[in-house]
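Asker: Here you go, this is start09.json (JSON, C-alpha atoms).
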```json
[["chain", "number", "residue", "atom", "x", "y", "z"],
["P", 287, "MET", "CA", 163.91, 188.66, -66.45],
["P", 288, "ARG", "CA", 165.16, 190.17, -63.19],
["P", 289, "ILE", "CA", 163.51, 189.89, -59.77],
["P", 290, "THR", "CA", 164.68, 192.13, -56.94],
["P", 291, "THR", "CA", 161.65, 192.13, -54.63],
["P", 292, "ARG", "CA", 159.28, 189.58, -53.14],
["P", 293, "ASN", "CA", 156.83, 190.06, -55.98],
["P", 294, "ALA", "CA", 154.05, 187.69, -57.04],
["P", 295, "ARG", "CA", 156.40, 185.50, -59.10],
["P", 296, "PHE", "CA", 158.82, 185.10, -56.20],
["P", 297, "GLN", "CA", 156.00, 184.28, -53.81],
["P", 298, "GLN", "CA", 154.70, 181.65, -56.22],
["P", 299, "TRP", "CA", 158.08, 179.92, -56.20],
["P", 300, "ALA", "CA", 158.50, 180.34, -52.43],
["P", 301, "ALA", "CA", 155.16, 178.58, -51.92],
["P", 302, "LEU", "CA", 156.54, 175.51, -53.72],
["P", 303, "LEU", "CA", 158.93, 174.98, -50.81],
["P", 304, "THR", "CA", 156.18, 174.27, -48.29],
["P", 305, "ASN", "CA", 152.83, 173.91, -50.05],
["P", 306, "ARG", "CA", 152.08, 170.59, -51.71],
["P", 307, "THR", "CA", 148.79, 171.85, -53.12],
["P", 308, "LYS", "CA", 150.57, 174.75, -54.82],
["P", 309, "ARG", "CA", 153.09, 172.34, -56.35],
["P", 310, "GLN", "CA", 150.28, 170.20, -57.71],
["P", 311, "ARG", "CA", 148.27, 173.11, -59.09],
["P", 312, "SER", "CA", 151.23, 174.76, -60.77],
["P", 313, "GLY", "CA", 152.65, 171.44, -61.98],
["P", 314, "GLU", "CA", 156.16, 172.34, -60.87],
["P", 315, "PHE", "CA", 158.62, 172.02, -58.00],
["P", 316, "LEU", "CA", 161.98, 173.46, -56.96],
["P", 317, "VAL", "CA", 165.29, 171.66, -57.38],
["P", 318, "GLN", "CA", 168.13, 172.77, -55.12],
["P", 319, "GLY", "CA", 171.78, 171.73, -55.19],
["P", 320, "VAL", "CA", 174.45, 170.91, -57.74],
["P", 321, "ARG", "CA", 173.90, 167.16, -58.13],
["P", 322, "PRO", "CA", 170.08, 167.22, -58.29],
["P", 323, "ILE", "CA", 170.10, 170.01, -60.88],
["P", 324, "THR", "CA", 172.85, 168.28, -62.87],
["P", 325, "LEU", "CA", 170.97, 164.96, -62.98],
["P", 326, "ALA", "CA", 167.68, 166.66, -63.83],
["P", 327, "VAL", "CA", 169.37, 168.20, -66.87],
["P", 328, "GLU", "CA", 171.31, 165.05, -67.81],
["P", 329, "HIS", "CA", 168.15, 162.92, -67.73],
["P", 330, "GLY", "CA", 166.21, 165.38, -69.85],
["P", 331, "ARG", "CA", 163.65, 166.32, -67.22],
["P", 332, "PRO", "CA", 161.71, 169.44, -68.30],
["P", 333, "ILE", "CA", 163.17, 172.55, -66.63],
["P", 334, "ARG", "CA", 160.87, 175.55, -66.88],
["P", 335, "SER", "CA", 163.08, 178.20, -65.27],
["P", 336, "LEU", "CA", 166.62, 178.60, -64.01],
["P", 337, "LEU", "CA", 167.00, 181.11, -61.22],
["P", 338, "TYR", "CA", 170.47, 182.57, -60.64],
["P", 339, "ALA", "CA", 171.99, 185.24, -58.40],
["P", 340, "HIS", "CA", 172.33, 188.56, -60.19],
["P", 341, "GLY", "CA", 175.78, 190.04, -59.69],
["P", 342, "ARG", "CA", 177.21, 186.94, -58.00],
["P", 343, "ARG", "CA", 180.17, 185.30, -59.71],
["P", 344, "LEU", "CA", 179.03, 181.95, -61.12],
["P", 345, "SER", "CA", 181.08, 178.78, -61.30],
["P", 346, "SER", "CA", 181.78, 177.07, -64.60],
["P", 347, "TRP", "CA", 179.16, 174.48, -63.63],
["P", 348, "ALA", "CA", 176.41, 177.06, -63.08],
["P", 349, "GLN", "CA", 177.30, 178.99, -66.22],
["P", 350, "GLY", "CA", 177.33, 175.77, -68.22],
["P", 351, "VAL", "CA", 173.84, 174.82, -67.01],
["P", 352, "LEU", "CA", 172.55, 178.28, -67.93],
["P", 353, "ASP", "CA", 174.17, 178.13, -71.37],
["P", 354, "GLU", "CA", 173.14, 174.58, -72.24],
["P", 355, "THR", "CA", 169.59, 174.33, -70.86],
["P", 356, "ALA", "CA", 166.61, 175.57, -72.83],
["P", 357, "ALA", "CA", 164.76, 177.22, -69.94],
["P", 358, "GLU", "CA", 163.70, 180.69, -68.92],
["P", 359, "ARG", "CA", 166.55, 182.51, -67.17],
["P", 360, "VAL", "CA", 165.69, 184.65, -64.17],
["P", 361, "ALA", "CA", 168.26, 186.87, -62.46],
["P", 362, "MET", "CA", 167.37, 187.27, -58.80],
["P", 363, "ALA", "CA", 168.61, 189.39, -55.94],
["P", 364, "PRO", "CA", 171.12, 187.09, -54.18],
["P", 365, "GLU", "CA", 169.28, 187.17, -50.85],
["P", 366, "LEU", "CA", 166.05, 186.08, -52.56],
["P", 367, "LEU", "CA", 167.79, 183.20, -54.34],
["P", 368, "ASP", "CA", 169.36, 182.12, -51.06],
["P", 369, "GLU", "CA", 165.88, 181.97, -49.56],
["P", 370, "LEU", "CA", 164.65, 179.67, -52.33],
["P", 371, "ALA", "CA", 167.83, 177.57, -52.21],
["P", 372, "GLY", "CA", 167.72, 177.13, -48.44],
["P", 373, "LYS", "CA", 171.35, 178.17, -48.06],
["P", 374, "GLU", "CA", 173.67, 181.14, -48.45],
["P", 375, "ASP", "CA", 175.76, 181.88, -51.56],
["P", 376, "ALA", "CA", 173.54, 179.77, -53.81],
["P", 377, "GLU", "CA", 174.22, 179.86, -57.54],
["P", 378, "LEU", "CA", 171.20, 178.20, -59.12],
["P", 379, "VAL", "CA", 167.73, 176.94, -58.33],
["P", 380, "ALA", "CA", 165.77, 175.08, -61.01],
["P", 381, "VAL", "CA", 162.01, 175.10, -61.44],
["P", 382, "ALA", "CA", 161.12, 171.66, -62.85],
["P", 383, "ALA", "CA", 157.86, 170.32, -64.25],
["P", 384, "LEU", "CA", 156.11, 167.59, -62.27],
["P", 385, "PRO", "CA", 156.12, 164.32, -64.25],
["P", 386, "PRO", "CA", 152.85, 162.39, -64.70],
["P", 387, "ASP", "CA", 151.90, 159.75, -62.15],
["P", 388, "ASP", "CA", 151.48, 157.15, -64.88],
["P", 389, "LEU", "CA", 152.39, 153.51, -64.22],
["P", 390, "ALA", "CA", 153.24, 153.17, -67.93],
["P", 391, "ARG", "CA", 156.41, 155.14, -67.14],
["P", 392, "ILE", "CA", 157.81, 152.07, -65.35],
["P", 393, "THR", "CA", 159.31, 149.20, -67.31],
["P", 394, "PRO", "CA", 159.62, 146.47, -64.65],
["P", 395, "ASP", "CA", 162.86, 144.87, -65.80],
["P", 396, "GLY", "CA", 164.15, 145.24, -62.23],
["P", 397, "PRO", "CA", 162.38, 145.28, -58.86],
["P", 398, "VAL", "CA", 159.81, 148.02, -58.30],
["P", 399, "VAL", "CA", 159.58, 149.55, -54.82],
["P", 400, "VAL", "CA", 156.31, 150.53, -53.15],
["P", 401, "PHE", "CA", 156.53, 152.86, -50.15],
["P", 402, "ASP", "CA", 153.13, 152.70, -48.49],
["P", 403, "ARG", "CA", 151.87, 155.81, -46.65],
["P", 404, "ALA", "CA", 155.35, 157.25, -46.14],
["P", 405, "ALA", "CA", 155.23, 159.91, -43.45],
["P", 406, "GLU", "CA", 158.62, 161.61, -43.89],
["P", 407, "PRO", "CA", 159.70, 163.17, -47.21],
["P", 408, "GLY", "CA", 163.35, 162.59, -46.29],
["P", 409, "ASN", "CA", 162.67, 158.85, -46.06],
["P", 410, "ILE", "CA", 161.10, 158.89, -49.52],
["P", 411, "GLY", "CA", 164.20, 160.54, -50.95],
["P", 412, "THR", "CA", 166.45, 158.01, -49.23],
["P", 413, "VAL", "CA", 164.39, 155.08, -50.59],
["P", 414, "VAL", "CA", 164.58, 156.59, -54.10],
["P", 415, "ARG", "CA", 168.36, 156.91, -53.74],
["P", 416, "SER", "CA", 168.69, 153.26, -52.65],
["P", 417, "ALA", "CA", 166.35, 152.11, -55.43],
["P", 418, "ASP", "CA", 168.56, 153.86, -57.97],
["P", 419, "ALA", "CA", 171.75, 152.46, -56.42],
["P", 420, "PHE", "CA", 170.55, 148.85, -56.47],
["P", 421, "GLY", "CA", 168.98, 148.75, -59.93],
["P", 422, "ALA", "CA", 165.26, 149.15, -59.22],
["P", 423, "SER", "CA", 163.00, 150.13, -62.10],
["P", 424, "GLY", "CA", 160.93, 152.64, -60.17],
["P", 425, "VAL", "CA", 159.41, 153.78, -56.89],
["P", 426, "ILE", "CA", 155.68, 154.08, -56.20],
["P", 427, "VAL", "CA", 154.40, 156.02, -53.18],
["P", 428, "THR", "CA", 150.89, 154.90, -52.22],
["P", 429, "GLY", "CA", 148.19, 156.05, -49.83],
["P", 430, "HIS", "CA", 148.02, 159.26, -47.83],
["P", 431, "ALA", "CA", 151.75, 159.98, -47.85],
["P", 432, "ALA", "CA", 154.39, 162.68, -47.86],
["P", 433, "ASP", "CA", 155.27, 164.23, -51.22],
["P", 434, "PRO", "CA", 158.26, 162.91, -53.22],
["P", 435, "TYR", "CA", 158.62, 166.46, -54.62],
["P", 436, "ASP", "CA", 158.95, 168.10, -51.23],
["P", 437, "PRO", "CA", 162.40, 169.79, -51.10],
["P", 438, "LYS", "CA", 163.46, 167.45, -48.27],
["P", 439, "SER", "CA", 162.75, 164.44, -50.46],
["P", 440, "VAL", "CA", 164.44, 165.95, -53.52],
["P", 441, "ARG", "CA", 167.58, 166.72, -51.48],
["P", 442, "ALA", "CA", 167.64, 163.29, -49.78],
["P", 443, "SER", "CA", 167.46, 161.56, -53.16],
["P", 444, "THR", "CA", 170.69, 163.38, -54.19],
["P", 445, "GLY", "CA", 169.36, 163.55, -57.73],
["P", 446, "SER", "CA", 168.18, 159.94, -58.04],
["P", 447, "LEU", "CA", 164.63, 161.30, -58.23],
["P", 448, "PHE", "CA", 165.51, 162.17, -61.84],
["P", 449, "ALA", "CA", 167.21, 158.88, -62.69],
["P", 450, "LEU", "CA", 164.20, 156.57, -62.38],
["P", 451, "PRO", "CA", 160.41, 156.92, -62.42],
["P", 452, "VAL", "CA", 158.85, 157.99, -59.13],
["P", 453, "LEU", "CA", 155.04, 157.92, -58.98],
["P", 454, "ARG", "CA", 152.26, 158.78, -56.54],
["P", 455, "VAL", "CA", 149.26, 156.44, -56.64],
["P", 456, "PRO", "CA", 146.43, 157.01, -54.11],
["P", 457, "ALA", "CA", 145.20, 153.44, -53.59],
["P", 458, "PRO", "CA", 146.94, 150.03, -53.65],
["P", 459, "ARG", "CA", 144.41, 148.36, -55.98],
["P", 460, "GLN", "CA", 145.62, 150.13, -59.12],
["P", 461, "VAL", "CA", 149.22, 149.14, -58.36],
["P", 462, "VAL", "CA", 148.30, 145.56, -57.48],
["P", 463, "ASP", "CA", 146.36, 145.15, -60.75],
["P", 464, "TRP", "CA", 149.32, 146.58, -62.68],
["P", 465, "ALA", "CA", 151.69, 144.18, -60.88],
["P", 466, "ARG", "CA", 149.52, 141.18, -61.75],
["P", 467, "GLU", "CA", 149.28, 142.26, -65.38],
["P", 468, "ASN", "CA", 153.08, 142.44, -65.50],
["P", 469, "ARG", "CA", 153.51, 139.16, -63.61],
["P", 470, "LEU", "CA", 155.31, 140.75, -60.68],
["P", 471, "ARG", "CA", 155.53, 138.80, -57.45],
["P", 472, "VAL", "CA", 154.43, 141.00, -54.53],
["P", 473, "VAL", "CA", 156.80, 140.73, -51.56],
["P", 474, "GLY", "CA", 156.32, 142.78, -48.40],
["P", 475, "THR", "CA", 158.62, 143.30, -45.46],
["P", 476, "ASP", "CA", 157.48, 143.27, -41.84],
["P", 477, "GLU", "CA", 158.96, 142.18, -38.52],
["P", 478, "THR", "CA", 156.19, 139.56, -38.30],
["P", 479, "GLY", "CA", 157.22, 137.95, -41.60],
["P", 480, "THR", "CA", 157.74, 134.20, -41.58],
["P", 481, "VAL", "CA", 160.69, 134.06, -44.02],
["P", 482, "ASP", "CA", 164.09, 135.74, -43.63],
["P", 483, "VAL", "CA", 164.82, 138.11, -46.49],
["P", 484, "GLY", "CA", 167.93, 136.12, -47.44],
["P", 485, "ASP", "CA", 165.83, 132.97, -47.86],
["P", 486, "SER", "CA", 163.24, 134.58, -50.12],
["P", 487, "ASP", "CA", 163.68, 134.25, -53.88],
["P", 488, "LEU", "CA", 164.03, 137.82, -55.11],
["P", 489, "ARG", "CA", 165.68, 137.04, -58.44],
["P", 490, "GLY", "CA", 162.59, 137.44, -60.61],
["P", 491, "PRO", "CA", 160.30, 140.40, -61.34],
["P", 492, "ALA", "CA", 159.00, 141.68, -58.03],
["P", 493, "LEU", "CA", 157.12, 144.46, -56.33],
["P", 494, "LEU", "CA", 158.92, 145.13, -53.03],
["P", 495, "VAL", "CA", 156.58, 146.72, -50.47],
["P", 496, "ILE", "CA", 157.80, 148.88, -47.57],
["P", 497, "GLY", "CA", 155.26, 149.99, -44.99],
["P", 498, "ASN", "CA", 154.70, 153.21, -43.07],
["P", 499, "GLU", "CA", 157.50, 154.15, -40.68],
["P", 500, "THR", "CA", 155.35, 153.51, -37.58],
["P", 501, "ARG", "CA", 152.44, 151.28, -38.61],
["P", 502, "GLY", "CA", 153.97, 149.12, -41.32],
["P", 503, "MET", "CA", 152.01, 147.95, -44.36],
["P", 504, "SER", "CA", 148.30, 148.66, -44.64],
["P", 505, "GLY", "CA", 145.82, 145.79, -44.52],
["P", 506, "ALA", "CA", 145.31, 146.10, -48.28],
["P", 507, "TRP", "CA", 149.01, 145.65, -49.00],
["P", 508, "THR", "CA", 149.37, 142.84, -46.47],
["P", 509, "ALA", "CA", 146.54, 140.97, -48.19],
["P", 510, "ALA", "CA", 148.07, 141.58, -51.63],
["P", 511, "CYS", "CA", 151.48, 140.13, -50.75],
["P", 512, "ASP", "CA", 152.49, 136.75, -52.11],
["P", 513, "GLU", "CA", 155.08, 136.59, -49.35],
["P", 514, "ILE", "CA", 156.03, 138.68, -46.33],
["P", 515, "VAL", "CA", 159.68, 138.59, -45.28],
["P", 516, "ARG", "CA", 161.50, 139.79, -42.21],
["P", 517, "ILE", "CA", 164.96, 141.29, -41.83],
["P", 518, "PRO", "CA", 166.77, 139.56, -38.94],
["P", 519, "ILE", "CA", 168.25, 142.06, -36.47],
["P", 520, "VAL", "CA", 170.06, 141.82, -33.13],
["P", 521, "GLY", "CA", 170.73, 144.24, -30.32],
["P", 522, "ALA", "CA", 168.31, 146.53, -28.53],
["P", 523, "ALA", "CA", 166.67, 147.90, -31.69],
["P", 524, "SER", "CA", 163.10, 146.70, -32.12],
["P", 525, "SER", "CA", 163.03, 147.41, -35.85],
["P", 526, "LEU", "CA", 164.79, 149.22, -38.68],
["P", 527, "ASN", "CA", 163.95, 152.64, -40.03],
["P", 528, "ALA", "CA", 161.75, 152.20, -43.13],
["P", 529, "ALA", "CA", 164.39, 153.63, -45.45],
["P", 530, "SER", "CA", 167.05, 151.37, -43.91],
["P", 531, "ALA", "CA", 164.79, 148.35, -44.33],
["P", 532, "ALA", "CA", 164.22, 149.27, -47.97],
["P", 533, "THR", "CA", 167.97, 149.51, -48.53],
["P", 534, "VAL", "CA", 168.58, 146.04, -47.06],
["P", 535, "PHE", "CA", 165.68, 144.63, -49.10],
["P", 536, "LEU", "CA", 166.99, 146.17, -52.32],
["P", 537, "TYR", "CA", 170.56, 145.08, -51.66],
["P", 538, "GLU", "CA", 169.49, 141.47, -51.12],
["P", 539, "ALA", "CA", 167.46, 141.52, -54.35],
["P", 540, "ALA", "CA", 170.45, 142.97, -56.24],
["P", 541, "ARG", "CA", 172.79, 140.41, -54.67],
["P", 542, "GLN", "CA", 170.57, 137.52, -55.70],
["P", 543, "ARG", "CA", 170.19, 138.82, -59.23],
["P", 544, "GLY", "CA", 173.95, 139.24, -59.47],
["P", 545, "VAL", "CA", 174.57, 135.68, -58.26],
["P", 546, "ALA", "CA", 171.94, 134.37, -60.69],
["P", 547, "ALA", "CA", 173.52, 136.26, -63.59],
["P", 548, "GLU", "CA", 177.00, 134.98, -62.74],
["P", 549, "THR", "CA", 175.66, 131.39, -62.47],
["P", 550, "GLU", "CA", 174.09, 131.73, -65.91],
["P", 551, "ARG", "CA", 177.37, 133.04, -67.35],
["P", 552, "GLU", "CA", 179.20, 130.07, -65.83],
["P", 553, "LYS", "CA", 176.73, 127.68, -67.44],
["P", 554, "ILE", "CA", 177.27, 129.29, -70.83],
["P", 555, "ARG", "CA", 181.06, 129.14, -70.47],
["P", 556, "SER", "CA", 180.90, 125.45, -69.44],
["P", 557, "ARG", "CA", 178.97, 124.59, -72.60],
["P", 558, "ARG", "CA", 181.59, 126.09, -74.90]]
```
In structure tokens, write the structure found in this file.

Answerer:
Amino acid sequence: MRITTRNARFQQWAALLTNRTKRQRSGEFLVQGVRPITLAVEHGRPIRSLLYAHGRRLSSWAQGVLDETAAERVAMAPELLDELAGKEDAELVAVAALPPDDLARITPDGPVVVFDRAAEPGNIGTVVRSADAFGASGVIVTGHAADPYDPKSVRASTGSLFALPVLRVPAPRQVVDWARENRLRVVGTDETGTVDVGDSDLRGPALLVIGNETRGMSGAWTAACDEIVRIPIVGAASSLNAASAATVFLYEAARQRGVAAETEREKIRSRR
């Protein structure tokens, strides 16, 4: 297929850049950039269409994706592809299927992150990236929140959106019930917490809750927490950005699990 004008198909894809309702109704979203597209393909995420610039010389990477991915190929006028890619001289844009928001997709063998009522899609992407980097099993966005499949979120995740389950769940209750069924300890973070994050035991299965960038955790999540921790800070800053707080939280959980694993290995070696 070749598209050279802003026809109905192009307009449908362009709407995915800014319209969350259109993404939900069509069941698809746009993936921009080399690393996000590469990880989407490597992790077997369903790609419906690959859009490439007609007449523009493609790199070996772009040609390889086109050759190896079972998706519709669409040759586009370069200026139209650049519009969908959000930059000049783009090679590829992928149209990916939205995954189901099903908690069964998460196997909680590592911490699971909840981002409650996230306001900024870029912060969601950053939290997803940190969750991937520090061994989390998934990310759940709850409440009236920004969309993890907004292009800003997809870009900020640098492809980690495709490396672990990311779900949208409207209300906390469903997530809390799931956490209890899976014996996850619910730990929230807030500047009013009574325990420093380094003193909290984060070695076991846990649901780590990050609140809204301005208002913090909702009353429902505050009530559901088994413990609320704080991140000690100094200087003139009154608090950390939500994504920064999530990164510190996840790092501390990973550090504790690493120390616990090394201690267990030492015990095994001492018994030999």

Asker: For Pro364 of chain P, which residue among P:Ile289, P:Ile323, P:Ala422, P:Tyr537 is the nearest when counting only C-alpha atoms?

Answerer: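 Of all the options, P:Ile289 lies closest to Pro364 of chain P.
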
Asker: Fewer than 4 positions away in the same chain doesn't count, so skip those; otherwise give me all residues within 12 Å of Arg403 of chain P, counting only C-alpha atoms, as a ChimeraX atom specification.

Answerer: /P:407,409-410,426-434,454-458,495-507,528

Asker: Give me the box for segment 461-466 of chain P as AutoDock Vina command-line options, namely the centre and edge lengths in Å to one decimal of a box along x, y and z that holds every listed atom plus 6 Å on each side.

Answerer:
```
--center_x 149.0 --center_y 145.2 --center_z -60.1 --size_x 17.3 --size_y 20.0 --size_z 17.2
```

Asker: Provide the atom CA of Val515 of chain P to atom CA of Glu477 of chain P distance in Å, to one decimal place.

Answerer: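 So the two atoms, atom CA of Val515 of chain P and atom CA of Glu477 of chain P, lie 7.7 Å apart.
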
Asker: Which residue out of P:Arg342, P:Asp368, P:Asn293, P:Ala383 has the minimum interatomic distance to Arg309 of chain P when only C-alpha atoms are used?

Answerer: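 Of P:Arg342, P:Asp368, P:Asn293, P:Ala383, the one nearest Arg309 of chain P is P:Ala383, counting only C-alpha atoms.
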
Asker: Residues near Ala363 of chain P, anyone? I mean within 6 Å using all atoms listed in the file, not counting same-chain ones fewer than 3 positions away, as a tab-separated table (two decimals) with C-alpha atoms, keeping the file's coordinate frame.

Answerer:
```tsv
chain	number	residue	atom	x	y	z
P	290	THR	CA	164.68	192.13	-56.94
P	339	ALA	CA	171.99	185.24	-58.40
P	340	HIS	CA	172.33	188.56	-60.19
P	366	LEU	CA	166.05	186.08	-52.56
```

Asker: When you draw a straight line from atom CA of Arg471 of chain P to atom CA of Asp418 of chain P, how long is it in Å?

Answerer: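 Those two atoms sit 19.9 Å apart.
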
Asker: Would you please work out which residue, of P:Val351, P:Met362, P:Leu493, P:Ala301, is nearest to Ile392 of chain P when using only C-alpha atoms?

Answerer: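 Nearest candidate to Ile392 of chain P out of P:Val351, P:Met362, P:Leu493, P:Ala301: P:Leu493.
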
Asker: Within 12 Å of (164.0, 182.2, -67.6) (file coordinates; all atoms listed in the file), which protein or nucleic acid residues are there? I'd like them as a VMD selection string.

Answerer: chain P and resid 287 to 289 295 333 to 338 352 to 353 355 to 362 378 to 382
